[in-house]
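This report concerns only the one structure given below.
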Amino acid sequence: MSRSRPLFSVVVPVHRVRGFLRETLESVLGQSYGGLELIVVDDRSPDGCGVITAESAEADARVVPLALSAHRGPGPARNAGAAHACGEYLLFLDGDDLLLPGALQALAERLRDGGGALDVLRFGHERSDWRERVTPGGPPFPDAPSPPVAWDRLLRRTFWLRHGLAFTDGPYEEIVPVVRAERLVAEGRAASLDRVCVRVRERRAGGFAATPGRGHFRVLEAYAPLLAADPGLRPTAAAHLRAVRDDPGRIRPADRRAFHRAADHLLGGALGPYAVHRVQLAIDQQKGKAWELAGRARKSARGRILRTAYRVELCRPLDPDLVVHGAYWNRGVACNPAAVHAKARELAPQLRHLWVVGARHAGRLPPGTEHVVAGSRAYWRAMATAAYLVNNSSFPGGFTKRPGQVYLQTHHGTPLKSMGLDQRRYPALAATMDFDKILAHVDQWDFSLSANPHSTEIWERVYPSSSYTHLDLGYPRNDRYFTATSDEIAGIRASLGIEPGRRAILYAPTHRDRRTDGFASPLDLDAFVRELGDEYVVLVRAHYFHGTSAALPEHPGLLDVTGHPRVEDLCLAADALVTDYSSLMFDYACLDRPIVVHAPDWAAYRATRGTYFDLLSGCPGETPGALATSDDELIGLFREGGWDTDATDKLRAAFRARFCPYDDGRAAERVVRRVFLGEEMPLSPEARPPAPSPGWTG
């Protein structure tokens, strides 16, 4: 079937850009001008780029997925997309770039003003570093020398084909076609739009441009044939080669002399003696020393501990059988680390386990738990000598991971709210965050655990580093939902005082960053439990930031379970979950029981914290069940039965399929075998939740 001809064919090659691709595609598809096709070329990306592309194609017919049979690189991938295009103009973006709002509309209007005679239309672009600091990227004018790039111009497709333009193999693949296009375009058939249309996002890790090495000498090979054919290109080439030479993210200081000499030879002496450049190099070195001194000053607060205790312990050999665990900023045995610990004792009994706990939490540890108090001499010895480190948050004190140590970051929830570097976009959050400290911590991870593809996609972007491997293995803490028996569930309910035949509702609201005055329920609990009647009992679980008590109003139908040691047992005991924005909803979906979202302040929460999807959209895969935006609506759902219907069942099934695909009761085993035993274990073909609790009558 033939495709209608759009004005724009946007070609996006993708390879290892999972954390950025969705935003890139949305920036194109969300343009006010809709006359486009979006050709996404999967360059055999080993991550989830193909899945993201397929989802976009299913949701929007303008997306044209194209898959290469082998990894070829961005040049051949762009060529494949251009060959498949049918639009009048080609626009090339990378898989982590953004097309700014209104860009296509402005370009379409400029083309119309040009009378349809333009072969090349240049425009401006900007650059955003990994800190999201935006700087001008280049002017859209040919008389202002700047490195030739693919993302700052439209090219008429017939012009591209008539002159046989094509990207080259290897790095710096855009130089030849972009320079040739500028030399071939006839007078009057090129124009510029004085507007920034594209934001180029520079990644902290993972991209070629951010990886220093001699591979960047390939830029010289790209210019060699062009300069041989047209010596007049020397000013453009010289500007580009200087930029590459002076970028420490590309050319290492030790390679600068060799690069400078090779470039100067290629340009016929245009770069001049290397001695001149050494002046600038000396300035750079002085800047580097200043940063080093500043770094030492930042460490002075913890210097005493490191000098007197930790440095001594670092001289000891690693203990190959010692595992140090931590959870929720030293609050005790909990979450994924606890499940990993339990399974490791079964599968790798030779390992010895220590838990890091804060002094005020030590009294609540399970009897017999081997532990060290955070900040103590025993803590520093354990951190210096353990072969394995497991945490769902971070270890205290700014430790330095030694060579040979293995750090497993399990995380502690699926992200609905913004996390990591994405919090920079919210001033109230950013003011309280030390992003350099976050990234220093991330650089020590060896493994990052994910419960679902959504989490992996987010972690890759918000915790950028080349140091760790994603483990898409499911959440060990959720194994309990698949292994618990009906008798065990009945025992949990009895221990909580839930009478047989009563429906138990677990109410678990999340923490509000803007609140500093302790737990204040967004729901009028007294009114809620009174309206529900004696058939129900409400288990109230405040966020762990608020301590071990929710200070509830007196009512026999309200149970304060904030201090209960295992939230998984509370979920097993509950016939339904009522929450607002807590990540507990993603775990509870494993049970395939009703989830009700009570969101009275959704707009404020999104504005102050930011979210990755619209929980209240009502769309499958985003909304887990019934919705209420007020106390009265919530009470009405339970009075009239709207909390558990065929429609909510379908929403829950889609939500569970998206966010619980790896959970099957064996996640802890997969993690232990992979991290401690070096074994691979495939996911189970199907995951089944346990039987409903004895109180269930729905």
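By convention in this document, the chains of the structure tokens carry letters A, B, ... by their order, each chain's residues are numbered from 1, and ligands are numbered from 1 in the order they are shown.
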Contact table range 441-495 of chain A vs range 411-434 of chain A, cut-off 8 Å, shortest pair per residue, only C-alpha atoms, as a Markdown table:
| residue | atom | partner | partner_atom | distance |
| --- | --- | --- | --- | --- |
| A:Ser448 | CA | A:His411 | CA | 7.6 |
| A:Leu449 | CA | A:His411 | CA | 6.8 |
| A:Ser450 | CA | A:His411 | CA | 7.8 |
| A:Ala451 | CA | A:Thr414 | CA | 7.0 |
| A:Asn452 | CA | A:Thr414 | CA | 7.9 |
| A:His454 | CA | A:Thr414 | CA | 7.9 |
| A:Ser455 | CA | A:Thr414 | CA | 5.8 |
| A:Ile458 | CA | A:Pro415 | CA | 7.7 |
| A:Arg461 | CA | A:Leu421 | CA | 7.9 |
| A:Val462 | CA | A:Leu421 | CA | 4.7 |
| A:Tyr463 | CA | A:Gly420 | CA | 6.0 |
Tell me which protein, DNA and RNA residues are within 7 Å of range 638-645 of chain A, counting only C-alpha atoms, leaving out same-chain ones fewer than 4 positions away, and put them as a PDB file with N, CA, C and O atoms, in the first residue's frame.
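File produced: selection.pdb:
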ATOM      1  N   PRO A 594      -7.947  -5.637  43.313  1.00  0.00           N
ATOM      2  CA  PRO A 594      -8.323  -4.263  42.966  1.00  0.00           C
ATOM      3  C   PRO A 594      -7.388  -3.204  43.550  1.00  0.00           C
ATOM      4  O   PRO A 594      -6.960  -3.288  44.699  1.00  0.00           O
ATOM      5  N   VAL A 596      -7.332   1.028  43.842  1.00  0.00           N
ATOM      6  CA  VAL A 596      -8.120   2.250  43.713  1.00  0.00           C
ATOM      7  C   VAL A 596      -7.196   3.437  43.950  1.00  0.00           C
ATOM      8  O   VAL A 596      -6.485   3.491  44.960  1.00  0.00           O
ATOM      9  N   ALA A 626      -9.967   1.782  39.508  1.00  0.00           N
ATOM     10  CA  ALA A 626     -10.922   2.862  39.722  1.00  0.00           C
ATOM     11  C   ALA A 626     -10.214   4.127  40.197  1.00  0.00           C
ATOM     12  O   ALA A 626      -9.160   4.070  40.849  1.00  0.00           O
ATOM     13  N   LEU A 634     -14.402   8.614  46.443  1.00  0.00           N
ATOM     14  CA  LEU A 634     -13.851   7.355  46.933  1.00  0.00           C
ATOM     15  C   LEU A 634     -14.901   6.572  47.717  1.00  0.00           C
ATOM     16  O   LEU A 634     -15.071   5.361  47.517  1.00  0.00           O
ATOM     17  N   ASP A 649     -11.075  -4.400  36.111  1.00  0.00           N
ATOM     18  CA  ASP A 649     -10.294  -5.621  35.896  1.00  0.00           C
ATOM     19  C   ASP A 649      -9.414  -5.487  34.654  1.00  0.00           C
ATOM     20  O   ASP A 649      -8.239  -5.892  34.656  1.00  0.00           O
TER      21      ASP A 649
END
For this session: For Ser4 in chain A, please output as a PyMOL selection string all residues within 12 Å (counting only C-alpha atoms; exclusion window: fewer than 4 positions along the same chain).
Result: chain A and resi 8-9+35-37+61-62+85-88
Exercise. What lies within 12 Å of Leu584 in chain A using only C-alpha atoms, ignoring chain neighbours under 6 positions off, as a PyMOL selection string?
Worked result: chain A and resi 335+412-416+477-478+506-510+541-543+567-568+570-571+577-578+590-591+595-597+624+659
Let me see the file: selected residues, N, CA, C and O atoms, as a tab-separated table (two decimals), in the first residue's frame.
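Saved file selection-v8.tsv follows:
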chain	number	residue	atom	x	y	z
A	335	CYS	N	12.78	-4.97	52.17
A	335	CYS	CA	12.73	-4.76	50.74
A	335	CYS	C	13.55	-5.78	49.95
A	335	CYS	O	13.75	-6.91	50.38
A	412	HIS	N	14.04	0.65	45.13
A	412	HIS	CA	12.96	0.25	46.03
A	412	HIS	C	11.59	0.65	45.51
A	412	HIS	O	10.67	0.91	46.27
A	413	GLY	N	11.44	0.66	44.20
A	413	GLY	CA	10.13	0.92	43.64
A	413	GLY	C	10.20	1.28	42.18
A	413	GLY	O	11.25	1.68	41.66
A	414	THR	N	9.08	1.11	41.50
A	414	THR	CA	8.95	1.53	40.11
A	414	THR	C	8.67	3.03	40.08
A	414	THR	O	7.82	3.52	40.83
A	415	PRO	N	9.36	3.79	39.24
A	415	PRO	CA	9.22	5.25	39.30
A	415	PRO	C	7.95	5.76	38.60
A	415	PRO	O	7.79	5.59	37.39
A	416	LEU	N	7.08	6.35	39.37
A	416	LEU	CA	6.00	7.18	38.84
A	416	LEU	C	6.45	8.64	38.89
A	416	LEU	O	6.30	9.38	37.92
A	477	ARG	N	11.60	-8.73	46.33
A	477	ARG	CA	10.62	-8.54	47.40
A	477	ARG	C	9.23	-9.00	46.97
A	477	ARG	O	8.39	-9.29	47.82
A	478	ASN	N	8.97	-9.03	45.65
A	478	ASN	CA	7.65	-9.44	45.17
A	478	ASN	C	7.50	-10.95	45.07
A	478	ASN	O	6.39	-11.43	44.80
A	506	LEU	N	-6.09	-1.88	52.31
A	506	LEU	CA	-4.80	-1.29	52.67
A	506	LEU	C	-4.74	0.12	52.09
A	506	LEU	O	-4.82	0.30	50.87
A	507	TYR	N	-4.63	1.11	52.97
A	507	TYR	CA	-4.51	2.51	52.53
A	507	TYR	C	-3.07	2.95	52.73
A	507	TYR	O	-2.56	2.98	53.86
A	508	ALA	N	-2.38	3.26	51.62
A	508	ALA	CA	-0.95	3.57	51.67
A	508	ALA	C	-0.65	4.81	50.83
A	508	ALA	O	-0.26	4.70	49.66
A	509	PRO	N	-0.81	6.00	51.38
A	509	PRO	CA	-0.47	7.21	50.64
A	509	PRO	C	1.04	7.44	50.63
A	509	PRO	O	1.76	6.95	51.50
A	510	THR	N	1.51	8.17	49.64
A	510	THR	CA	2.93	8.46	49.55
A	510	THR	C	3.28	9.74	50.31
A	510	THR	O	2.41	10.45	50.80
A	541	ARG	N	-1.09	2.54	56.29
A	541	ARG	CA	0.37	2.44	56.22
A	541	ARG	C	0.92	3.79	55.79
A	541	ARG	O	0.90	4.14	54.60
A	542	ALA	N	1.42	4.58	56.74
A	542	ALA	CA	2.05	5.86	56.40
A	542	ALA	C	3.43	5.60	55.80
A	542	ALA	O	4.05	4.55	56.02
A	543	HIS	N	3.93	6.55	55.03
A	543	HIS	CA	5.25	6.44	54.43
A	543	HIS	C	6.32	6.32	55.52
A	543	HIS	O	6.19	6.92	56.60
A	567	VAL	N	5.87	-4.90	54.54
A	567	VAL	CA	4.75	-4.39	53.78
A	567	VAL	C	4.19	-5.47	52.85
A	567	VAL	O	3.00	-5.45	52.50
A	568	GLU	N	5.04	-6.43	52.46
A	568	GLU	CA	4.54	-7.50	51.59
A	568	GLU	C	3.45	-8.30	52.29
A	568	GLU	O	2.46	-8.71	51.66
A	570	LEU	N	1.40	-7.15	54.53
A	570	LEU	CA	0.22	-6.31	54.56
A	570	LEU	C	-0.53	-6.38	53.24
A	570	LEU	O	-1.77	-6.42	53.21
A	571	CYS	N	0.21	-6.40	52.14
A	571	CYS	CA	-0.43	-6.53	50.82
A	571	CYS	C	-1.14	-7.87	50.68
A	571	CYS	O	-2.25	-7.95	50.15
A	577	LEU	N	-6.17	-2.35	47.45
A	577	LEU	CA	-5.24	-1.28	47.81
A	577	LEU	C	-5.85	0.06	47.43
A	577	LEU	O	-6.33	0.23	46.30
A	578	VAL	N	-5.84	0.99	48.35
A	578	VAL	CA	-6.17	2.38	48.06
A	578	VAL	C	-4.91	3.21	48.27
A	578	VAL	O	-4.30	3.16	49.34
A	590	CYS	N	0.96	-7.29	41.24
A	590	CYS	CA	1.32	-8.71	41.12
A	590	CYS	C	0.22	-9.61	41.67
A	590	CYS	O	0.03	-10.75	41.20
A	591	LEU	N	-0.52	-9.13	42.67
A	591	LEU	CA	-1.55	-9.94	43.31
A	591	LEU	C	-2.83	-10.01	42.49
A	591	LEU	O	-3.71	-10.82	42.79
A	595	ILE	N	-7.10	-2.21	42.72
A	595	ILE	CA	-6.32	-1.03	43.11
A	595	ILE	C	-7.19	0.20	42.84
A	595	ILE	O	-7.71	0.36	41.74
A	596	VAL	N	-7.33	1.03	43.84
A	596	VAL	CA	-8.12	2.25	43.71
A	596	VAL	C	-7.20	3.44	43.95
A	596	VAL	O	-6.49	3.49	44.96
A	597	VAL	N	-7.20	4.37	43.02
A	597	VAL	CA	-6.36	5.57	43.13
A	597	VAL	C	-7.18	6.71	43.69
A	597	VAL	O	-8.21	7.09	43.11
A	624	PRO	N	-4.38	1.98	37.01
A	624	PRO	CA	-4.46	0.59	37.49
A	624	PRO	C	-5.85	0.13	37.91
A	624	PRO	O	-6.04	-1.04	38.20
A	659	PHE	N	3.88	-3.47	34.09
A	659	PHE	CA	4.78	-3.21	35.19
A	659	PHE	C	5.21	-4.43	36.00
A	659	PHE	O	6.06	-4.31	36.88
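Minimum atom-to-atom distance to Leu347 in chain A, evaluated using only C-alpha atoms, belongs to A:Leu677 out of A:Ala54, A:Ala520, A:Leu7, A:Leu677.
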For this session: Report the residues of range 329-574 of chain A whose backbone DSSP state falls under alpha helix (DSSP H), written as a ChimeraX atom specification.
Result: /A:335-347,377-385,427-430,435-442,453-462,480-483,486-496,525-532,567-573
Write to file, as a PDB file, in the first residue's frame, the residues of the selection just made, with C-alpha atoms.
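Output saved as result_23.pdb:
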ATOM      1  CA  CYS A 335      12.727  -4.755  50.737  1.00  0.00           C
ATOM      2  CA  ASN A 336      14.755  -6.299  47.914  1.00  0.00           C
ATOM      3  CA  PRO A 337      18.005  -6.601  49.920  1.00  0.00           C
ATOM      4  CA  ALA A 338      16.131  -8.663  52.531  1.00  0.00           C
ATOM      5  CA  ALA A 339      14.751 -11.017  49.878  1.00  0.00           C
ATOM      6  CA  VAL A 340      18.192 -11.344  48.261  1.00  0.00           C
ATOM      7  CA  HIS A 341      19.708 -12.054  51.674  1.00  0.00           C
ATOM      8  CA  ALA A 342      17.179 -14.810  52.415  1.00  0.00           C
ATOM      9  CA  LYS A 343      17.665 -16.536  49.060  1.00  0.00           C
ATOM     10  CA  ALA A 344      21.474 -16.240  49.237  1.00  0.00           C
ATOM     11  CA  ARG A 345      21.458 -18.084  52.574  1.00  0.00           C
ATOM     12  CA  GLU A 346      19.703 -20.921  50.768  1.00  0.00           C
ATOM     13  CA  LEU A 347      21.680 -21.014  47.504  1.00  0.00           C
ATOM     14  CA  ARG A 377      34.602   1.389  63.211  1.00  0.00           C
ATOM     15  CA  ALA A 378      32.964  -1.974  62.459  1.00  0.00           C
ATOM     16  CA  TYR A 379      30.976  -0.335  59.668  1.00  0.00           C
ATOM     17  CA  TRP A 380      34.073   1.059  57.984  1.00  0.00           C
ATOM     18  CA  ARG A 381      35.852  -2.267  58.261  1.00  0.00           C
ATOM     19  CA  ALA A 382      32.892  -4.048  56.661  1.00  0.00           C
ATOM     20  CA  MET A 383      32.630  -1.503  53.846  1.00  0.00           C
ATOM     21  CA  ALA A 384      36.351  -1.765  53.158  1.00  0.00           C
ATOM     22  CA  THR A 385      36.573  -5.556  53.089  1.00  0.00           C
ATOM     23  CA  PRO A 427      13.316  23.904  41.497  1.00  0.00           C
ATOM     24  CA  ALA A 428      11.978  22.977  44.928  1.00  0.00           C
ATOM     25  CA  LEU A 429      13.495  19.514  44.594  1.00  0.00           C
ATOM     26  CA  ALA A 430      16.710  20.597  42.892  1.00  0.00           C
ATOM     27  CA  PHE A 435      23.481  15.806  41.951  1.00  0.00           C
ATOM     28  CA  ASP A 436      27.264  15.437  41.918  1.00  0.00           C
ATOM     29  CA  LYS A 437      26.972  13.231  44.989  1.00  0.00           C
ATOM     30  CA  ILE A 438      24.216  11.203  43.331  1.00  0.00           C
ATOM     31  CA  LEU A 439      26.347  10.589  40.263  1.00  0.00           C
ATOM     32  CA  ALA A 440      29.412   9.703  42.331  1.00  0.00           C
ATOM     33  CA  HIS A 441      27.247   7.061  43.980  1.00  0.00           C
ATOM     34  CA  VAL A 442      25.916   5.817  40.627  1.00  0.00           C
ATOM     35  CA  PRO A 453      11.166  -2.195  31.134  1.00  0.00           C
ATOM     36  CA  HIS A 454       9.745   1.160  32.228  1.00  0.00           C
ATOM     37  CA  SER A 455      12.116   1.256  35.199  1.00  0.00           C
ATOM     38  CA  THR A 456      15.133   0.305  33.105  1.00  0.00           C
ATOM     39  CA  GLU A 457      14.333   3.054  30.626  1.00  0.00           C
ATOM     40  CA  ILE A 458      14.108   5.650  33.392  1.00  0.00           C
ATOM     41  CA  TRP A 459      17.168   4.453  35.354  1.00  0.00           C
ATOM     42  CA  GLU A 460      19.316   4.597  32.225  1.00  0.00           C
ATOM     43  CA  ARG A 461      18.546   8.274  31.726  1.00  0.00           C
ATOM     44  CA  VAL A 462      18.347   9.603  35.286  1.00  0.00           C
ATOM     45  CA  ARG A 480       6.401 -13.363  48.409  1.00  0.00           C
ATOM     46  CA  TYR A 481       3.238 -12.617  46.436  1.00  0.00           C
ATOM     47  CA  PHE A 482       3.703 -15.756  44.373  1.00  0.00           C
ATOM     48  CA  THR A 483       4.903 -18.173  47.034  1.00  0.00           C
ATOM     49  CA  SER A 486      -3.654 -19.511  51.684  1.00  0.00           C
ATOM     50  CA  ASP A 487      -2.821 -20.739  55.170  1.00  0.00           C
ATOM     51  CA  GLU A 488       0.016 -18.228  55.448  1.00  0.00           C
ATOM     52  CA  ILE A 489      -2.263 -15.416  54.317  1.00  0.00           C
ATOM     53  CA  ALA A 490      -4.899 -16.458  56.843  1.00  0.00           C
ATOM     54  CA  GLY A 491      -2.235 -16.405  59.543  1.00  0.00           C
ATOM     55  CA  ILE A 492      -1.163 -12.891  58.590  1.00  0.00           C
ATOM     56  CA  ARG A 493      -4.749 -11.645  58.718  1.00  0.00           C
ATOM     57  CA  ALA A 494      -5.305 -13.280  62.096  1.00  0.00           C
ATOM     58  CA  SER A 495      -2.121 -11.734  63.491  1.00  0.00           C
ATOM     59  CA  LEU A 496      -3.364  -8.313  62.414  1.00  0.00           C
ATOM     60  CA  LEU A 525      -9.965   8.396  57.499  1.00  0.00           C
ATOM     61  CA  ASP A 526     -12.596   8.779  60.185  1.00  0.00           C
ATOM     62  CA  ALA A 527     -15.296   9.611  57.632  1.00  0.00           C
ATOM     63  CA  PHE A 528     -14.078   6.933  55.235  1.00  0.00           C
ATOM     64  CA  VAL A 529     -14.195   4.060  57.705  1.00  0.00           C
ATOM     65  CA  ARG A 530     -17.554   5.200  59.114  1.00  0.00           C
ATOM     66  CA  GLU A 531     -19.102   5.266  55.642  1.00  0.00           C
ATOM     67  CA  LEU A 532     -17.681   1.861  54.716  1.00  0.00           C
ATOM     68  CA  VAL A 567       4.746  -4.394  53.777  1.00  0.00           C
ATOM     69  CA  GLU A 568       4.543  -7.503  51.590  1.00  0.00           C
ATOM     70  CA  ASP A 569       2.563  -9.276  54.320  1.00  0.00           C
ATOM     71  CA  LEU A 570       0.215  -6.307  54.562  1.00  0.00           C
ATOM     72  CA  CYS A 571      -0.425  -6.526  50.824  1.00  0.00           C
ATOM     73  CA  LEU A 572      -1.123 -10.256  51.108  1.00  0.00           C
ATOM     74  CA  ALA A 573      -3.619  -9.569  53.885  1.00  0.00           C
TER      75      ALA A 573
END
For this session: Identify all residues of range 395-458 of chain A in strand (DSSP E) (DSSP on the backbone) and supply them as a ChimeraX atom specification.
Result: /A:406-409,447-450
For this session: Rank A:Arg189, A:Val540, A:Pro76, A:Leu100 by their smallest atom-to-atom distance to Gly116 in chain A, using only C-alpha atoms, and report the top residue only.
Result: A:Arg189
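Remark: for Ala359 in chain A, the closest of the candidate residues A:Ala484, A:Val134, A:Trp329, A:Ala386 is A:Trp329 (distances computed over only C-alpha atoms).
Interatomic distance, CA of Leu155 in chain A to CA of Tyr89 in chain A: 5.4 Å.
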Report as CSV: every residue of range 184-205 of chain A with an atom at most 12 Å from range 104-107 of chain A, its closest pair of atoms, and their distance in Å to one decimal, counting only C-alpha atoms, with rows sorted by chain and ascending residue number.
residue,atom,partner,partner_atom,distance
A:Ala191,CA,A:Leu107,CA,11.0
A:Ser192,CA,A:Leu107,CA,9.7
A:Leu193,CA,A:Leu107,CA,7.4
A:Asp194,CA,A:Ala106,CA,10.1
A:Arg195,CA,A:Ala106,CA,8.4
A:Val196,CA,A:Ala106,CA,10.1
A:Cys197,CA,A:Leu104,CA,8.0
A:Val198,CA,A:Leu104,CA,10.3
Go ahead and save the residues from that selection, with N, CA and C atoms, as a JSON list (two decimals), in the first residue's frame.
[["chain", "number", "residue", "atom", "x", "y", "z"],
["A", 191, "ALA", "N", 18.40, 28.60, 2.04],
["A", 191, "ALA", "CA", 17.97, 29.71, 2.89],
["A", 191, "ALA", "C", 18.17, 29.32, 4.35],
["A", 192, "SER", "N", 17.96, 30.28, 5.22],
["A", 192, "SER", "CA", 18.11, 30.03, 6.65],
["A", 192, "SER", "C", 16.88, 30.53, 7.39],
["A", 193, "LEU", "N", 16.59, 29.85, 8.49],
["A", 193, "LEU", "CA", 15.53, 30.26, 9.41],
["A", 193, "LEU", "C", 16.21, 30.63, 10.72],
["A", 194, "ASP", "N", 16.08, 31.86, 11.13],
["A", 194, "ASP", "CA", 16.74, 32.33, 12.34],
["A", 194, "ASP", "C", 15.93, 31.90, 13.56],
["A", 195, "ARG", "N", 15.95, 30.62, 13.80],
["A", 195, "ARG", "CA", 15.20, 30.04, 14.92],
["A", 195, "ARG", "C", 15.87, 28.75, 15.35],
["A", 196, "VAL", "N", 15.94, 28.52, 16.64],
["A", 196, "VAL", "CA", 16.45, 27.26, 17.17],
["A", 196, "VAL", "C", 15.34, 26.22, 17.11],
["A", 197, "CYS", "N", 15.58, 25.14, 16.40],
["A", 197, "CYS", "CA", 14.55, 24.11, 16.19],
["A", 197, "CYS", "C", 14.88, 22.78, 16.87],
["A", 198, "VAL", "N", 16.15, 22.53, 17.15],
["A", 198, "VAL", "CA", 16.55, 21.23, 17.69],
["A", 198, "VAL", "C", 17.41, 21.43, 18.93]]
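Checking A:Pro147, A:Pro349, A:Gly678, A:Gly272 one by one against Ala239 in chain A, counting only C-alpha atoms, you find the shortest gap at A:Pro147.
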Exercise. Quick one: residues within 10 Å of range 159-161 of chain A, only C-alpha atoms counted, chain neighbours fewer than 5 positions away excluded, as a PyMOL selection string?
Worked result: chain A and resi 82-83+88-90+118-120+166+177+181+184-185
